[in-house]
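Peer 1: The structure is given below, and queries will be raised subsequently.
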Amino acid sequence: MSDTKPNVPTLAEAWSALPYAHGGACGTGRLRALDEDFQVDEDLGFEADGDGEHVLLHIRKRAMNTEQVARVIAKLAGVPAQDVGFAGMKDRNAVTTQWFSVGLAGREEPDWSAMNDDRLEVLSAARHGRKLRRGALQGNRFVLRIRELEGDRECIEQRLKAIAAQGVPNYFGAQRFGREGGNLARAEAMLVGGRRERDRHKRGLYLSAGRSWLFNRVLAARVADGSWNTLLPGEVACLAGSNSVFDTEVDDAGLAARLAAFDIHPSGPMWGRGRLRSRDRALEVETAALADWADWRNGLEHVGLDQDRRPLRLVPGGLGWEWVDADLVLSFSLPSGAYATTMLREVVEAEEGES
């Protein structure tokens, strides 16, 4: 098999062409016709400790992305932008609640209500001892409304029941790859072309896109052979709700029960320095899926990223649905790092924006 990389993948290749686990979408509809159609509530998994030089702000926003809100906070507080922390990025075209921290060492706390307008509302403010770091959240709760839905309702409801019972492939969503997949082209320029990106934030986005593409290639192979929600010989299992992984043995009788109970999940590689931890059949699948991407793999190793693992399976919590006329309203929770669109694509093909 060739050890050279094909052309830079398009967004269609990175997202639309990924194989389905449950047979493809049951219908079509429209998502985000209104901001209210995409609602997200962030769950940190902890509360403010009530003391410290930081303030933890709970904010509801719409028609603004996370970084725009962070700049508004920094301006009111009179601090550099890097003193504002947040755990996760939230979409602009949505109604979301999320948490921010702002360091106020030696500064007087401003009147946070001065930020309130038709796009932003401060729900609470409390002292906290630490800055919020990226990824330091338990998960998110979603309420999605798909309008103008055309399709077989029985198929949709059966599909949702199957997802609740089995989960979906834990693909990185289209937004990971940027507008029209542009982050992948920039990843190629950095990893293969030697381009240097001075902006630290952009550099992280492009490298993450590259890693995510490689992970999706492995997961796509596992979906294609039907093993995305099973443990192959030599599997590295992820413990649900944590970053812990462990090697599995084929003679461990308790693993099947733990897998069925969603206590553990099979995993795939997030590429970086070091050897793959998988063995036997699991290693064979991962090696074959990434054989054509040696230059991207080498590039990710040389920029200093270490090997990591990510669950191949995503199980939405508290999945519920209702029909409102011709619209489908879904509610569910996902762990940190998971994408709502990854679950949605297994149910309906939803075009975004106004008609």
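For the structure tokens, the naming scheme is as follows: chains receive sequential letters (A, B, ...) according to their order of presentation, residues are indexed from 1 within each chain, and ligands are indexed from 1 in presentation order.
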According to DSSP computed on the backbone, where in segment 133-232 of chain A is there helix (DSSP H, G or I)? Give the residues as a ChimeraX atom specification.
Peer 2: /A:153-166,174-177,179-191,200-224
Peer 1: Using only C-alpha atoms, tabulate the residues of segment 40-119 of chain A lying at most 12 Å from any atom of segment 175-183 of chain A, each with its closest atom pair and that distance in Å to one decimal, by chain and increasing residue number, as JSON lines.
Peer 2:
{"residue": "A:Met89", "atom": "CA", "partner": "A:Arg176", "partner_atom": "CA", "distance": 11.1}
{"residue": "A:Lys90", "atom": "CA", "partner": "A:Gln175", "partner_atom": "CA", "distance": 11.1}
{"residue": "A:Asp91", "atom": "CA", "partner": "A:Gln175", "partner_atom": "CA", "distance": 9.5}
{"residue": "A:Arg92", "atom": "CA", "partner": "A:Gln175", "partner_atom": "CA", "distance": 11.9}
Peer 1: With C-alpha atoms retained, could you export that selection as a compact mmCIF listing (two decimals), in the first residue's frame?
Peer 2:
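Written output follows (result-v2.txt):
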# COMPACT_ATOMS: atom_id res chain seq x y z
CA MET A 89 -16.57 26.83 22.33
CA LYS A 90 -20.22 27.50 21.53
CA ASP A 91 -21.80 28.23 18.17
CA ARG A 92 -22.74 31.73 17.10
Peer 1: Using only C-alpha atoms, what table do you get, as JSON lines, when you list each residue of segment 114-206 of chain A with an atom no more than 8 Å from segment 215-234 of chain A, its nearest pair of atoms, and their distance in Å rounded to one decimal, rows by chain then rising number?
Peer 2:
{"residue": "A:Gln166", "atom": "CA", "partner": "A:Asn229", "partner_atom": "CA", "distance": 7.8}
{"residue": "A:Pro169", "atom": "CA", "partner": "A:Trp228", "partner_atom": "CA", "distance": 6.7}
{"residue": "A:Asn170", "atom": "CA", "partner": "A:Leu219", "partner_atom": "CA", "distance": 7.9}
{"residue": "A:Tyr171", "atom": "CA", "partner": "A:Asn216", "partner_atom": "CA", "distance": 5.8}
{"residue": "A:Phe172", "atom": "CA", "partner": "A:Asn216", "partner_atom": "CA", "distance": 6.7}
Peer 1: So that I have them on file, write out the residues from the current selection with C-alpha atoms, as a PDB file, in the first residue's frame.
Peer 2:
ATOM      1  CA  GLN A 166     -26.546   1.407  20.641  1.00  0.00           C
ATOM      2  CA  PRO A 169     -20.013   6.637  15.811  1.00  0.00           C
ATOM      3  CA  ASN A 170     -18.185   9.394  17.684  1.00  0.00           C
ATOM      4  CA  TYR A 171     -17.037  11.290  14.580  1.00  0.00           C
ATOM      5  CA  PHE A 172     -15.581  14.761  14.813  1.00  0.00           C
TER       6      PHE A 172
END
Peer 1: If you count only C-alpha atoms, which residues fall within 10 Å of segment 148-153 of chain A, apart from same-chain ones fewer than 4 positions away, as JSON, numbers by chain?
Peer 2: {"A": [25, 26, 27, 28, 29, 30, 31, 33, 157, 158, 159, 323, 325, 326, 327, 328, 348, 349, 350, 355]}
Peer 1: Using only C-alpha atoms, which of A:Val245, A:Val95, A:Ala257, A:Val324 sits nearest Lys61 of chain A?
Peer 2: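 Among A:Val245, A:Val95, A:Ala257, A:Val324, it is A:Val95 that comes nearest to Lys61 of chain A.
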Peer 1: Determine the nearest neighbour of Asp37 of chain A from the options A:Ala94, A:Ala253, A:Ala114, A:Ala187, counting only C-alpha atoms.
Peer 2: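 That would be A:Ala94, the residue with the smallest distance to Asp37 of chain A.
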Peer 1: Let me make sure I understand: among A:Ala237, A:Val285, A:Leu330, A:Ala63, which one has the smallest atom-to-atom distance to Gly318 of chain A if we use only C-alpha atoms?
Peer 2: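 Going through A:Ala237, A:Val285, A:Leu330, A:Ala63 one by one, the smallest distance to Gly318 of chain A is for A:Leu330.
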Peer 1: Set the distance at 7 Å and use only C-alpha atoms: which residues neighbour Asp247 of chain A once local chain neighbours fewer than 2 positions away are removed? I'd like the list as a ChimeraX atom specification.
Peer 2: /A:235-237,249
Peer 1: Which polymer residues have any atom within 6 Å of an atom of Arg273 of chain A, counting only C-alpha atoms, with same-chain residues fewer than 6 positions away left out, as a list in words?
Peer 2: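 These residues fall inside the cut-off: Glu301, Leu305, Asp306 and Gln307 of chain A.
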Peer 1: Take the residues just selected and output them with N, CA and C atoms as an mmCIF file, in the first residue's frame.
Peer 2:
data_model
loop_
_atom_site.group_PDB
_atom_site.id
_atom_site.type_symbol
_atom_site.label_atom_id
_atom_site.label_comp_id
_atom_site.auth_asym_id
_atom_site.auth_seq_id
_atom_site.Cartn_x
_atom_site.Cartn_y
_atom_site.Cartn_z
ATOM 1 N N GLU A 301 3.690 14.225 14.834
ATOM 2 C CA GLU A 301 4.692 13.798 15.806
ATOM 3 C C GLU A 301 5.753 14.874 16.000
ATOM 4 N N LEU A 305 3.014 16.796 19.604
ATOM 5 C CA LEU A 305 1.805 16.200 20.173
ATOM 6 C C LEU A 305 2.071 14.738 20.534
ATOM 7 N N ASP A 306 1.473 14.287 21.619
ATOM 8 C CA ASP A 306 1.634 12.909 22.067
ATOM 9 C C ASP A 306 0.427 12.067 21.677
ATOM 10 N N GLN A 307 0.647 10.764 21.515
ATOM 11 C CA GLN A 307 -0.448 9.848 21.244
ATOM 12 C C GLN A 307 -1.498 9.922 22.352
#
Peer 1: Looking at only C-alpha atoms, which of A:Leu184, A:Leu205, A:Val315, A:Val55 is the one that sits closest to Ala165 of chain A?
Peer 2: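 With only C-alpha atoms as the atom set, the closest residue is A:Val315.
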Peer 1: Smallest atom-to-atom distance to Ser333 of chain A: which of A:Ala189, A:Val250, A:Leu144, A:Leu56, using only C-alpha atoms?
Peer 2: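 For Ser333 of chain A, the nearest of the candidates is A:Leu144.
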Peer 1: If you measure from atom CA of Gly304 of chain A to atom CA of Gly274 of chain A, what distance in Å do you get, rounded to one decimal?
Peer 2: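 Pair atom CA of Gly304 of chain A / atom CA of Gly274 of chain A returns 10.4 Å.
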